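Participant: Dropping in run-v8.txt, with compact mmCIF, C-alpha atoms.
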```txt
# COMPACT_ATOMS: atom_id res chain seq x y z
CA MET X 1 37.87 64.79 -76.98
CA LEU X 2 40.08 62.11 -78.58
CA GLY X 3 37.95 62.19 -81.71
CA ILE X 4 38.40 65.91 -82.35
CA PHE X 5 42.05 65.74 -81.31
CA ASN X 6 42.63 63.04 -83.95
CA LEU X 7 41.11 65.38 -86.52
CA VAL X 8 43.40 68.19 -85.32
CA MET X 9 46.42 65.90 -85.61
CA SER X 10 45.46 64.73 -89.11
CA VAL X 11 45.43 68.37 -90.25
CA TYR X 12 48.69 69.01 -88.39
CA VAL X 13 50.37 66.04 -90.10
CA PHE X 14 49.26 67.36 -93.48
CA GLY X 15 50.93 70.69 -92.71
CA ILE X 16 54.11 68.90 -91.65
CA THR X 17 54.07 66.94 -94.92
CA LEU X 18 53.78 70.18 -96.88
CA GLY X 19 56.66 71.72 -94.97
CA SER X 20 58.95 68.71 -95.15
CA PHE X 21 58.70 68.47 -98.97
CA GLY X 22 60.30 65.02 -99.12
CA ILE X 23 63.64 66.43 -97.97
CA HIS X 24 64.20 63.72 -95.31
CA LEU X 25 64.48 61.00 -97.96
CA ALA X 26 66.49 63.23 -100.30
CA VAL X 27 69.18 63.99 -97.72
CA THR X 28 69.32 60.35 -96.58
CA ARG X 29 69.68 58.98 -100.12
CA LEU X 30 72.13 61.59 -101.43
CA VAL X 31 74.40 61.73 -98.39
CA SER X 32 74.55 57.91 -98.40
CA GLU X 33 75.55 57.93 -102.06
CA GLU X 34 78.20 60.62 -101.52
CA LEU X 35 79.67 58.63 -98.64
CA ALA X 36 79.68 55.47 -100.76
CA ILE X 37 81.90 57.18 -103.37
CA GLY X 38 84.02 58.98 -100.75
CA ASN X 39 82.95 62.56 -101.54
CA LYS X 40 83.07 64.33 -98.15
CA GLU X 41 82.51 67.77 -99.65
CA GLY X 42 79.29 66.54 -101.22
CA VAL X 43 78.04 65.35 -97.83
CA SER X 44 78.48 68.80 -96.29
CA ARG X 45 76.96 70.68 -99.22
CA ILE X 46 73.91 68.43 -99.55
CA ALA X 47 73.13 68.51 -95.83
CA LYS X 48 73.39 72.31 -95.66
CA ARG X 49 71.20 72.83 -98.71
CA CYS X 50 68.57 70.35 -97.55
CA ILE X 51 68.20 72.14 -94.20
CA LEU X 52 67.84 75.49 -95.97
CA ILE X 53 65.26 74.11 -98.40
CA SER X 54 63.28 72.57 -95.53
CA LEU X 55 63.22 75.95 -93.76
CA ILE X 56 61.86 77.69 -96.87
CA CYS X 57 59.26 74.98 -97.48
CA GLY X 58 58.24 75.03 -93.82
CA ILE X 59 57.66 78.78 -93.92
CA LEU X 60 55.60 78.45 -97.13
CA ALA X 61 53.45 75.70 -95.59
CA SER X 62 52.90 77.78 -92.46
CA THR X 63 51.84 80.74 -94.60
CA LEU X 64 49.25 78.60 -96.40
CA PHE X 65 47.85 77.34 -93.10
CA PHE X 66 47.64 80.90 -91.79
CA LEU X 67 45.82 82.15 -94.89
CA PHE X 68 43.34 79.24 -94.91
CA SER X 69 42.83 79.01 -91.15
CA ASP X 70 39.10 79.81 -91.39
CA PHE X 71 38.54 77.00 -93.92
CA ILE X 72 40.55 74.54 -91.79
CA ILE X 73 38.55 75.32 -88.65
CA GLN X 74 35.11 75.19 -90.24
CA PHE X 75 35.46 72.37 -92.76
CA CYS X 76 38.15 70.11 -91.31
CA LEU X 77 37.64 70.56 -87.57
CA HIS X 78 33.85 71.03 -87.47
CA GLY X 79 34.26 74.39 -85.74
CA LYS X 80 35.22 72.63 -82.48
CA VAL X 81 38.38 74.69 -81.89
CA THR X 82 39.51 78.26 -82.59
CA LYS X 83 42.15 79.56 -84.98
CA ASN X 84 44.69 79.75 -82.14
CA VAL X 85 45.26 76.00 -82.59
CA VAL X 86 46.09 76.52 -86.27
CA TYR X 87 48.37 79.46 -85.47
CA VAL X 88 50.41 77.28 -83.11
CA MET X 89 50.74 74.71 -85.90
CA CYS X 90 52.05 77.46 -88.20
CA ILE X 91 54.88 78.24 -85.79
CA ALA X 92 55.81 74.58 -85.30
CA ILE X 93 55.92 73.43 -88.94
CA PRO X 94 59.26 75.07 -89.99
CA PHE X 95 61.05 73.65 -86.93
CA ILE X 96 59.68 70.16 -87.60
CA ALA X 97 60.69 70.41 -91.28
CA MET X 98 64.29 71.33 -90.42
CA SER X 99 64.51 68.63 -87.75
CA SER X 100 63.33 66.11 -90.35
CA ALA X 101 66.15 67.12 -92.71
CA ILE X 102 68.76 66.86 -89.96
CA SER X 103 67.35 63.49 -88.91
CA GLY X 104 67.75 62.26 -92.50
CA TYR X 105 71.40 63.35 -92.39
CA PHE X 106 72.05 61.38 -89.19
CA VAL X 107 70.37 58.30 -90.70
CA ALA X 108 72.62 58.55 -93.77
CA ILE X 109 75.87 58.78 -91.79
CA ARG X 110 74.77 55.89 -89.52
CA ARG X 111 74.67 58.01 -86.38
CA VAL X 112 70.96 57.80 -85.67
CA TYR X 113 71.66 57.81 -81.96
CA LYS X 114 72.24 61.57 -82.16
CA SER X 115 68.76 62.37 -83.45
CA THR X 116 67.39 59.72 -81.09
CA ILE X 117 68.88 61.60 -78.13
CA ALA X 118 67.10 64.78 -79.26
CA GLN X 119 63.83 62.88 -79.74
CA PHE X 120 64.12 61.26 -76.32
CA PHE X 121 64.41 64.60 -74.54
CA GLU X 122 61.74 66.04 -76.83
CA GLN X 123 59.26 63.41 -75.65
CA ILE X 124 60.09 64.01 -72.00
CA ILE X 125 59.61 67.76 -72.39
CA LYS X 126 56.40 67.22 -74.37
CA VAL X 127 54.88 65.03 -71.66
CA LEU X 128 55.84 67.40 -68.83
CA ILE X 129 54.78 70.61 -70.56
CA THR X 130 51.57 69.12 -71.95
CA ALA X 131 50.62 67.74 -68.53
CA PHE X 132 51.25 71.18 -67.02
CA PHE X 133 49.13 72.97 -69.62
CA LEU X 134 46.32 70.42 -69.35
CA SER X 135 46.22 70.84 -65.57
CA LEU X 136 45.71 74.56 -66.14
CA PHE X 137 43.35 74.62 -69.14
CA LEU X 138 41.48 71.29 -69.26
CA PRO X 139 38.66 72.49 -66.96
CA ASN X 140 37.96 75.26 -69.51
CA GLY X 141 36.78 72.82 -72.16
CA LEU X 142 37.73 70.91 -75.32
CA GLU X 143 39.16 73.91 -77.17
CA TYR X 144 41.67 74.66 -74.43
CA ALA X 145 42.62 70.98 -74.13
CA CYS X 146 43.49 70.77 -77.85
CA PHE X 147 45.35 74.06 -77.63
CA SER X 148 47.36 72.73 -74.67
CA LEU X 149 48.33 69.57 -76.57
CA ILE X 150 49.45 71.47 -79.67
CA LEU X 151 51.28 74.12 -77.63
CA GLY X 152 53.14 71.40 -75.73
CA ASP X 153 54.12 69.86 -79.06
CA LEU X 154 55.37 73.24 -80.35
CA ILE X 155 57.66 73.84 -77.38
CA SER X 156 59.07 70.31 -77.51
CA GLU X 157 59.64 70.54 -81.29
CA ILE X 158 61.59 73.79 -80.92
CA PHE X 159 63.74 72.17 -78.24
CA SER X 160 64.25 69.11 -80.45
CA PHE X 161 65.36 71.24 -83.39
CA LEU X 162 67.86 73.18 -81.29
CA CYS X 163 69.36 69.91 -80.02
CA ASN X 164 69.44 68.39 -83.49
CA TYR X 165 71.01 71.48 -85.01
CA ALA X 166 73.70 71.69 -82.31
CA LEU X 167 74.58 68.03 -82.84
CA TYR X 168 74.59 68.55 -86.61
CA LEU X 169 76.98 71.52 -86.42
CA GLN X 170 79.35 69.52 -84.26
CA ASP X 171 79.16 66.48 -86.54
CA VAL X 172 79.32 68.02 -90.02
CA LYS X 173 82.76 69.55 -89.36
CA ILE X 174 84.46 66.27 -90.21
CA TYR X 175 83.01 66.39 -93.73
CA LYS X 176 84.29 69.87 -94.55
CA THR X 177 87.38 69.81 -96.76
CA SER X 178 89.78 72.49 -97.92
CA TYR X 179 89.73 71.65 -101.62
CA ILE X 180 87.24 73.13 -104.06
CA THR X 181 84.60 70.74 -105.30
CA HIS X 182 84.23 70.13 -109.03
CA HIS X 183 80.46 70.39 -108.77
CA LEU X 184 78.70 73.74 -108.99
CA PRO X 185 75.95 74.59 -106.45
CA HIS X 186 73.13 73.97 -108.92
CA TYR X 187 74.38 70.40 -109.40
CA TYR X 188 73.40 69.52 -105.83
CA ASN X 189 70.13 71.45 -106.09
CA GLN X 190 69.16 69.36 -109.11
CA LYS X 191 69.95 66.12 -107.31
CA ILE X 192 67.98 67.16 -104.25
CA PHE X 193 64.87 68.23 -106.15
CA LYS X 194 65.06 65.22 -108.46
CA ILE X 195 64.35 63.02 -105.44
CA ALA X 196 62.40 65.44 -103.25
CA THR X 197 59.93 66.80 -105.82
CA PRO X 198 58.20 63.55 -106.88
CA VAL X 199 58.26 62.35 -103.27
CA ALA X 200 56.79 65.67 -102.12
CA ILE X 201 54.02 65.68 -104.74
CA THR X 202 52.96 62.13 -103.98
CA SER X 203 53.30 62.83 -100.24
CA PHE X 204 51.01 65.85 -100.58
CA ILE X 205 48.41 63.75 -102.36
CA ARG X 206 48.77 60.93 -99.89
CA SER X 207 48.65 63.18 -96.83
CA GLY X 208 45.75 65.15 -98.27
CA LEU X 209 43.79 61.97 -98.91
CA SER X 210 44.69 60.70 -95.45
CA THR X 211 43.40 63.92 -93.91
CA LEU X 212 40.25 63.68 -96.02
CA LYS X 213 39.79 60.10 -94.84
CA GLN X 214 40.01 61.18 -91.20
CA ILE X 215 37.45 63.91 -91.85
CA ILE X 216 34.88 61.66 -93.58
CA ILE X 217 35.09 58.86 -90.98
CA PRO X 218 32.98 60.68 -88.35
CA LEU X 219 30.77 62.07 -91.14
CA SER X 220 30.16 58.52 -92.39
CA PHE X 221 29.29 57.39 -88.86
CA GLU X 222 26.79 60.26 -88.70
CA LYS X 223 25.16 59.01 -91.92
CA GLY X 224 24.55 55.76 -90.06
CA LYS X 225 22.13 57.60 -87.74
CA MET X 226 24.67 58.69 -85.13
CA ASN X 227 24.92 62.23 -83.89
CA CYS X 228 28.20 64.17 -84.08
CA VAL X 229 29.14 63.47 -80.45
CA GLN X 230 28.61 59.71 -80.81
CA ALA X 231 30.51 59.62 -84.11
CA LEU X 232 33.51 61.47 -82.69
CA SER X 233 33.41 59.26 -79.58
CA ILE X 234 33.58 56.00 -81.56
CA TYR X 235 36.18 57.48 -83.89
CA GLY X 236 38.25 58.45 -80.83
CA GLU X 237 37.97 54.97 -79.27
CA ILE X 238 39.21 53.20 -82.40
CA ASN X 239 41.71 55.68 -83.85
CA GLY X 240 42.71 57.45 -80.66
CA MET X 241 42.82 54.56 -78.18
CA ALA X 242 42.91 51.11 -79.78
CA MET X 243 45.00 51.80 -82.88
CA PRO X 244 47.86 53.58 -81.05
CA ILE X 245 48.40 50.38 -79.04
CA VAL X 246 48.23 48.19 -82.16
CA ILE X 247 50.72 50.33 -84.10
CA PHE X 248 52.98 51.09 -81.12
CA PRO X 249 55.43 48.28 -82.06
CA ASN X 250 55.77 50.00 -85.42
CA VAL X 251 57.62 52.82 -83.65
CA ILE X 252 60.49 50.40 -83.10
CA PHE X 253 60.09 48.77 -86.52
CA SER X 254 60.05 52.15 -88.24
CA SER X 255 63.17 53.36 -86.43
CA ILE X 256 65.12 50.21 -87.25
CA SER X 257 63.89 49.85 -90.82
CA SER X 258 64.71 53.50 -91.58
CA LEU X 259 68.35 52.41 -91.31
CA PHE X 260 67.76 50.18 -94.32
CA VAL X 261 67.41 53.24 -96.58
CA PRO X 262 71.09 54.36 -96.49
CA GLU X 263 72.34 50.76 -96.50
CA PHE X 264 70.37 49.76 -99.59
CA ALA X 265 71.13 53.12 -101.24
CA ALA X 266 74.84 52.40 -100.77
CA TYR X 267 74.47 48.84 -102.13
CA ASN X 268 72.54 50.22 -105.08
CA ALA X 269 75.18 52.89 -105.79
CA GLN X 270 77.88 50.21 -105.64
CA LYS X 271 75.76 47.88 -107.82
CA ARG X 272 75.93 45.01 -105.33
CA GLN X 273 72.94 43.20 -106.78
CA LYS X 274 73.37 39.77 -105.20
CA THR X 275 73.86 41.31 -101.76
CA ILE X 276 70.63 43.29 -102.18
CA GLN X 277 68.59 40.20 -102.99
CA LYS X 278 70.08 38.05 -100.22
CA ILE X 279 69.68 40.66 -97.48
CA THR X 280 66.15 41.52 -98.63
CA GLN X 281 64.99 37.91 -98.33
CA THR X 282 66.49 37.60 -94.86
CA ILE X 283 64.97 40.86 -93.62
CA VAL X 284 61.48 40.03 -94.92
CA ILE X 285 61.45 36.56 -93.33
CA ILE X 286 62.66 37.84 -89.96
CA SER X 287 60.22 40.77 -90.05
CA LEU X 288 57.31 38.44 -90.82
CA ALA X 289 58.18 36.20 -87.88
CA ILE X 290 58.49 39.13 -85.46
CA SER X 291 55.26 40.74 -86.68
CA VAL X 292 53.32 37.49 -86.13
CA VAL X 293 54.64 37.28 -82.56
CA VAL X 294 53.67 40.92 -81.94
CA SER X 295 50.17 40.28 -83.29
CA LEU X 296 49.70 37.25 -81.02
CA ILE X 297 50.83 39.21 -77.97
CA LEU X 298 48.35 41.99 -78.79
CA PHE X 299 45.55 39.44 -79.27
CA PHE X 300 46.05 37.49 -76.06
CA PHE X 301 46.75 40.54 -73.87
CA ALA X 302 44.18 42.87 -75.48
CA ASP X 303 41.85 43.03 -72.48
CA HIS X 304 44.72 43.58 -70.06
CA LEU X 305 46.19 46.35 -72.22
CA GLY X 306 42.84 48.09 -72.51
CA TRP X 307 42.39 48.02 -68.75
CA TRP X 308 45.98 48.86 -67.76
CA ILE X 309 46.25 51.83 -70.12
CA TYR X 310 42.71 53.23 -70.19
CA GLN X 311 40.93 51.51 -67.27
CA ASP X 312 38.38 50.52 -69.90
CA SER X 313 38.03 46.84 -70.78
CA SER X 314 35.84 47.66 -73.81
CA ILE X 315 38.90 49.06 -75.62
CA GLY X 316 40.42 45.58 -75.36
CA HIS X 317 37.66 44.35 -77.68
CA TYR X 318 38.85 46.68 -80.45
CA ILE X 319 42.53 45.86 -79.78
CA LYS X 320 41.76 42.15 -80.18
CA ILE X 321 39.89 42.71 -83.44
CA LEU X 322 42.67 44.93 -84.83
CA SER X 323 45.64 42.86 -83.60
CA PRO X 324 46.17 40.93 -86.90
CA ILE X 325 46.55 44.28 -88.70
CA ALA X 326 49.87 44.70 -86.87
CA ILE X 327 51.34 42.00 -89.15
CA PHE X 328 50.51 43.93 -92.31
CA ILE X 329 51.53 47.32 -90.90
CA LEU X 330 54.92 46.18 -89.58
CA LEU X 331 55.85 44.18 -92.67
CA ASP X 332 54.75 46.96 -95.01
CA CYS X 333 56.89 49.47 -93.10
CA VAL X 334 60.01 47.34 -93.60
CA ILE X 335 59.32 46.73 -97.29
CA ASP X 336 58.65 50.42 -97.94
CA ASN X 337 62.01 51.44 -96.47
CA ILE X 338 63.85 48.84 -98.53
CA LEU X 339 62.13 50.14 -101.68
CA LYS X 340 63.07 53.72 -100.79
CA GLY X 341 66.71 52.67 -100.52
CA LEU X 342 66.47 51.07 -103.97
CA ASP X 343 65.23 54.31 -105.57
CA ALA X 344 61.62 53.09 -105.74
CA GLN X 345 60.23 55.75 -103.38
CA ASN X 346 57.83 57.03 -106.05
CA ASP X 347 56.30 53.57 -106.42
CA VAL X 348 55.83 53.40 -102.65
CA MET X 349 53.94 56.68 -102.68
CA VAL X 350 51.80 55.68 -105.68
CA ILE X 351 50.82 52.46 -103.92
CA ASN X 352 49.87 54.41 -100.80
CA ILE X 353 47.80 56.86 -102.85
CA ILE X 354 45.90 54.06 -104.60
CA ASP X 355 45.34 52.43 -101.22
CA LEU X 356 43.92 55.67 -99.78
CA PHE X 357 41.55 56.17 -102.72
CA ILE X 358 40.14 52.68 -102.23
CA ASN X 359 40.02 53.09 -98.45
CA ILE X 360 38.07 56.35 -98.71
CA LEU X 361 35.61 54.71 -101.11
CA LEU X 362 35.11 51.79 -98.73
CA ILE X 363 34.59 54.07 -95.73
CA TYR X 364 32.10 56.17 -97.67
CA THR X 365 30.08 53.12 -98.73
CA LEU X 366 30.48 50.63 -95.86
CA VAL X 367 30.45 52.75 -92.69
CA PRO X 368 26.98 54.32 -93.16
CA ARG X 369 25.56 50.83 -93.73
CA PHE X 370 27.51 48.64 -91.31
CA GLY X 371 28.76 51.18 -88.78
CA ILE X 372 31.82 50.26 -86.72
CA TYR X 373 32.33 46.90 -88.41
CA GLY X 374 32.20 48.51 -91.83
CA TYR X 375 35.04 50.78 -90.74
CA LEU X 376 37.06 47.87 -89.32
CA LEU X 377 36.55 45.92 -92.54
CA SER X 378 37.81 48.87 -94.60
CA MET X 379 40.93 49.04 -92.39
CA TYR X 380 41.71 45.37 -92.95
CA PHE X 381 41.22 45.56 -96.69
CA SER X 382 43.37 48.68 -96.92
CA GLU X 383 46.35 47.23 -95.03
CA ILE X 384 46.26 43.89 -96.87
CA PHE X 385 45.93 45.60 -100.26
CA ASN X 386 48.85 47.93 -99.49
CA LEU X 387 51.10 45.08 -98.36
CA VAL X 388 50.33 42.92 -101.40
CA LEU X 389 51.20 45.73 -103.81
CA SER X 390 54.36 46.68 -101.89
CA LEU X 391 55.55 43.08 -101.70
CA GLY X 392 54.89 42.62 -105.40
CA LYS X 393 56.93 45.73 -106.19
CA LEU X 394 59.77 44.54 -103.95
CA VAL X 395 59.90 41.18 -105.73
CA LYS X 396 59.96 42.95 -109.07
CA VAL X 397 62.63 45.49 -108.11
CA THR X 398 65.00 42.95 -106.56
CA ALA X 399 64.49 40.56 -109.47
CA LEU X 400 65.26 43.33 -111.97
CA THR X 401 68.26 44.41 -109.94
CA ASN X 402 69.56 40.85 -109.84
CA ASN X 403 69.44 40.65 -113.63
CA LEU X 404 71.37 43.87 -114.29
```
Mind converting the file's structure to structure tokens?
Facilitator:
Amino acid sequence: MLGIFNLVMSVYVFGITLGSFGIHLAVTRLVSEELAIGNKEGVSRIAKRCILISLICGILASTLFFLFSDFIIQFCLHGKVTKNVVYVMCIAIPFIAMSSAISGYFVAIRRVYKSTIAQFFEQIIKVLITAFFLSLFLPNGLEYACFSLILGDLISEIFSFLCNYALYLQDVKIYKTSYITHHLPHYYNQKIFKIATPVAITSFIRSGLSTLKQIIIPLSFEKGKMNCVQALSIYGEINGMAMPIVIFPNVIFSSISSLFVPEFAAYNAQKRQKTIQKITQTIVIISLAISVVVSLILFFFADHLGWWIYQDSSIGHYIKILSPIAIFILLDCVIDNILKGLDAQNDVMVINIIDLFINILLIYTLVPRFGIYGYLLSMYFSEIFNLVLSLGKLVKVTALTNNL
């Protein structure tokens, strides 16, 4: 079940990427810059336009998913679920896209706690509703289980959007001014799309390749003389059980490091080059130290975690093997957010795309021959390669900035 659900989620994430269209980063960067120069009217206008654009893009993405639902079910999901699962995704995507835009606004104004409140209640509702649906439909089979999980996500995402939007309406009032801005509406549209469009295009490519990677993993296992059930089972154990534990600390890292985007965007707008370099060095060193500690904890407590969470000690074996990857994932997350704040978001996406191309090639060639360990080797190479390129770009960007 976890194997097919991971495939469903990879398709779902691709739809969310289409609907979001890079607006989260655009609103974070632009609102931060407007605040840095004291333009309150610009803050209000940019936020409003980004939410509207995210709604339009979300509807367009949902329409594409609806039109290509047959292809998605047969090719991407191996015909294991019905189109009802895709239809639920179609309803959820616009709400997720708008919530993403509002979240970017809260990050920019340094009031992340507001979107965090909405996310906290969203997760509670998701767990309760999903558990209720699973208790009703799980005995009916895999299809109904996946439908229950996606339906629970839909309801919680709608609730999250309503909370986010209510908090946004209450908050944005302080940025509305009585004077007329000197900038025409198309000025803000140009600024939004200047950031969002390249991010969106590279995000589409990256998400598409990521989805393709998730699809070919079980297919590659099958080429190694496994049947479909065995392939999906192993895929589910690694990607659906072991990896969520390994990357769980990244939830905290990602939330904290996302705050670096508006801070570095403000420093960049104010041309505070020496501050950028000094803070970057400090953040990277501290992040490296924390990530090493996290990796050691995962390694030494792998068996206990596998048993406590899944009542399956064999999962601990995979957690132990994958624990060093946490170092590369956590550090790369921090570096990527710093680069996004320094207007290098396109480089981040290009690095991720190159990484995915290589990772897909490795999976296609190694997994049929070496099975599970070929897949694990491809994961290690991918994360190390991504981190090396990102770190190299960070050194280059901060060095260039320092010499301006």
Participant: Using all atoms listed in the file, which residue out of X:Thr116, X:Ser62, X:His24, X:Met241 lies closest to X:Gln311?
Facilitator: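 Residue with the minimum atom-to-atom distance to X:Gln311: X:Met241.
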Participant: Pick from X:Met349, X:Ile216, X:Val261, X:Val388: nearest to X:Asn337, with only C-alpha atoms counted?
Facilitator: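 Checking each candidate against X:Asn337, we get X:Val261 as the closest.
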Participant: Can you list, as a compact mmCIF listing (two decimals) with C-alpha atoms, keeping the file's coordinate frame, every protein, DNA or RNA residue that comes within 12 Å of X:Ile124 when you count all atoms listed in the file, leaving out same-chain residues fewer than 6 positions away?
Facilitator:
```
# COMPACT_ATOMS: atom_id res chain seq x y z
CA ILE X 117 68.88 61.60 -78.13
CA ALA X 118 67.10 64.78 -79.26
CA THR X 130 51.57 69.12 -71.95
CA ALA X 131 50.62 67.74 -68.53
CA GLY X 152 53.14 71.40 -75.73
CA ASP X 153 54.12 69.86 -79.06
CA ILE X 155 57.66 73.84 -77.38
CA SER X 156 59.07 70.31 -77.51
CA GLU X 157 59.64 70.54 -81.29
CA PHE X 159 63.74 72.17 -78.24
CA SER X 160 64.25 69.11 -80.45
```
Participant: Got a sec: who's within 6 Å of stretch 93-110 of chain X, counting only C-alpha atoms, leaving out chain neighbours fewer than 3 positions off, as a list in words?
Facilitator: Ile16, Gly19, Ser20, Ile23, His24, Val27, Thr28, Val31, Ser32, Ile51, Ser54, Leu55, Gly58, Ile59, Cys90, Ser115, Phe161 and Pro262 of chain X
Participant: Suppose you want the space between atom CA of X:Cys50 and atom CA of X:Glu34; what is it in Å?
Facilitator: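 Separation of atom CA of X:Cys50 and atom CA of X:Glu34: 14.3 Å.
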Participant: Please, which residues are within 9 Å of (55.8, 41.6, -95.3) by the file's coordinates, counting all atoms listed in the file, and could they come as a ChimeraX atom specification?
Facilitator: /X:284-285,287-288,291,327-335,387-388,390-391
Participant: Nearest to X:Leu162: which of X:Phe121, X:Leu138, X:Phe253, X:Phe14 is it, counting all atoms listed in the file?
Facilitator: X:Phe121
Participant: By how many Å are atom CA of X:Gly306 and atom CA of X:Ser323 apart?
Facilitator: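 Atom-to-atom, atom CA of X:Gly306 to atom CA of X:Ser323, that is 12.6 Å.
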Participant: Could you list as a list of chain:residue names every residue that has an atom within 12 Å of (38.0, 43.6, -73.4), using the file's coordinates and counting all atoms listed in the file?
Facilitator: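 Every polymer residue passing the test: X:Ala242, X:Leu298, X:Phe299, X:Phe300, X:Phe301, X:Ala302, X:Asp303, X:His304, X:Leu305, X:Gly306, X:Trp307, X:Trp308, X:Tyr310, X:Gln311, X:Asp312, X:Ser313, X:Ser314, X:Ile315, X:Gly316, X:His317, X:Tyr318, X:Ile319, X:Lys320, X:Ile321.
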Participant: Go ahead and compute the interatomic distance for atom CA of X:Lys225 and atom CA of X:Ile372, in Å to one decimal.
Facilitator: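 These atoms are spaced 12.2 Å apart.
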Participant: For a quick check of understanding, using only C-alpha atoms, which of X:Ile4, X:Lys173, X:Ser44, X:Ala266 has the smallest distance to X:His78?
Facilitator: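 Looking at the shortest contact to X:His78, the residue is X:Ile4.
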Participant: Mind completing stretch 74-89 of chain X with N, CA and C atoms? Output as a PDB file, in the frame of the given file, please?
Facilitator:
```
ATOM      1  N   GLN X  74      36.514  75.469 -89.958  1.00  0.00           N
ATOM      2  CA  GLN X  74      35.110  75.190 -90.240  1.00  0.00           C
ATOM      3  C   GLN X  74      34.903  73.853 -90.940  1.00  0.00           C
ATOM      4  N   PHE X  75      35.698  73.562 -91.957  1.00  0.00           N
ATOM      5  CA  PHE X  75      35.460  72.370 -92.760  1.00  0.00           C
ATOM      6  C   PHE X  75      36.137  71.130 -92.178  1.00  0.00           C
ATOM      7  N   CYS X  76      37.380  71.265 -91.759  1.00  0.00           N
ATOM      8  CA  CYS X  76      38.150  70.110 -91.310  1.00  0.00           C
ATOM      9  C   CYS X  76      37.905  69.768 -89.844  1.00  0.00           C
ATOM     10  N   LEU X  77      37.722  70.787 -89.008  1.00  0.00           N
ATOM     11  CA  LEU X  77      37.640  70.560 -87.570  1.00  0.00           C
ATOM     12  C   LEU X  77      36.245  70.814 -87.006  1.00  0.00           C
ATOM     13  N   HIS X  78      35.261  70.917 -87.877  1.00  0.00           N
ATOM     14  CA  HIS X  78      33.850  71.030 -87.470  1.00  0.00           C
ATOM     15  C   HIS X  78      33.596  72.196 -86.529  1.00  0.00           C
ATOM     16  N   GLY X  79      34.444  73.225 -86.581  1.00  0.00           N
ATOM     17  CA  GLY X  79      34.260  74.390 -85.740  1.00  0.00           C
ATOM     18  C   GLY X  79      34.409  74.124 -84.250  1.00  0.00           C
ATOM     19  N   LYS X  80      35.097  73.019 -83.893  1.00  0.00           N
ATOM     20  CA  LYS X  80      35.220  72.630 -82.480  1.00  0.00           C
ATOM     21  C   LYS X  80      36.341  73.365 -81.754  1.00  0.00           C
ATOM     22  N   VAL X  81      37.276  73.953 -82.511  1.00  0.00           N
ATOM     23  CA  VAL X  81      38.380  74.690 -81.890  1.00  0.00           C
ATOM     24  C   VAL X  81      38.522  76.045 -82.588  1.00  0.00           C
ATOM     25  N   THR X  82      39.312  76.934 -82.008  1.00  0.00           N
ATOM     26  CA  THR X  82      39.510  78.260 -82.590  1.00  0.00           C
ATOM     27  C   THR X  82      40.776  78.283 -83.447  1.00  0.00           C
ATOM     28  N   LYS X  83      40.998  79.421 -84.094  1.00  0.00           N
ATOM     29  CA  LYS X  83      42.150  79.560 -84.980  1.00  0.00           C
ATOM     30  C   LYS X  83      43.472  79.565 -84.223  1.00  0.00           C
ATOM     31  N   ASN X  84      43.438  79.768 -82.914  1.00  0.00           N
ATOM     32  CA  ASN X  84      44.690  79.750 -82.140  1.00  0.00           C
ATOM     33  C   ASN X  84      45.417  78.417 -82.291  1.00  0.00           C
ATOM     34  N   VAL X  85      44.652  77.322 -82.407  1.00  0.00           N
ATOM     35  CA  VAL X  85      45.260  76.000 -82.590  1.00  0.00           C
ATOM     36  C   VAL X  85      46.025  75.955 -83.904  1.00  0.00           C
ATOM     37  N   VAL X  86      45.435  76.498 -84.960  1.00  0.00           N
ATOM     38  CA  VAL X  86      46.090  76.520 -86.270  1.00  0.00           C
ATOM     39  C   VAL X  86      47.317  77.421 -86.250  1.00  0.00           C
ATOM     40  N   TYR X  87      47.231  78.532 -85.542  1.00  0.00           N
ATOM     41  CA  TYR X  87      48.370  79.460 -85.470  1.00  0.00           C
ATOM     42  C   TYR X  87      49.576  78.803 -84.790  1.00  0.00           C
ATOM     43  N   VAL X  88      49.317  77.995 -83.778  1.00  0.00           N
ATOM     44  CA  VAL X  88      50.410  77.280 -83.110  1.00  0.00           C
ATOM     45  C   VAL X  88      51.046  76.279 -84.084  1.00  0.00           C
ATOM     46  N   MET X  89      50.220  75.612 -84.878  1.00  0.00           N
ATOM     47  CA  MET X  89      50.740  74.710 -85.900  1.00  0.00           C
ATOM     48  C   MET X  89      51.673  75.454 -86.859  1.00  0.00           C
TER      49      MET X  89
END
```
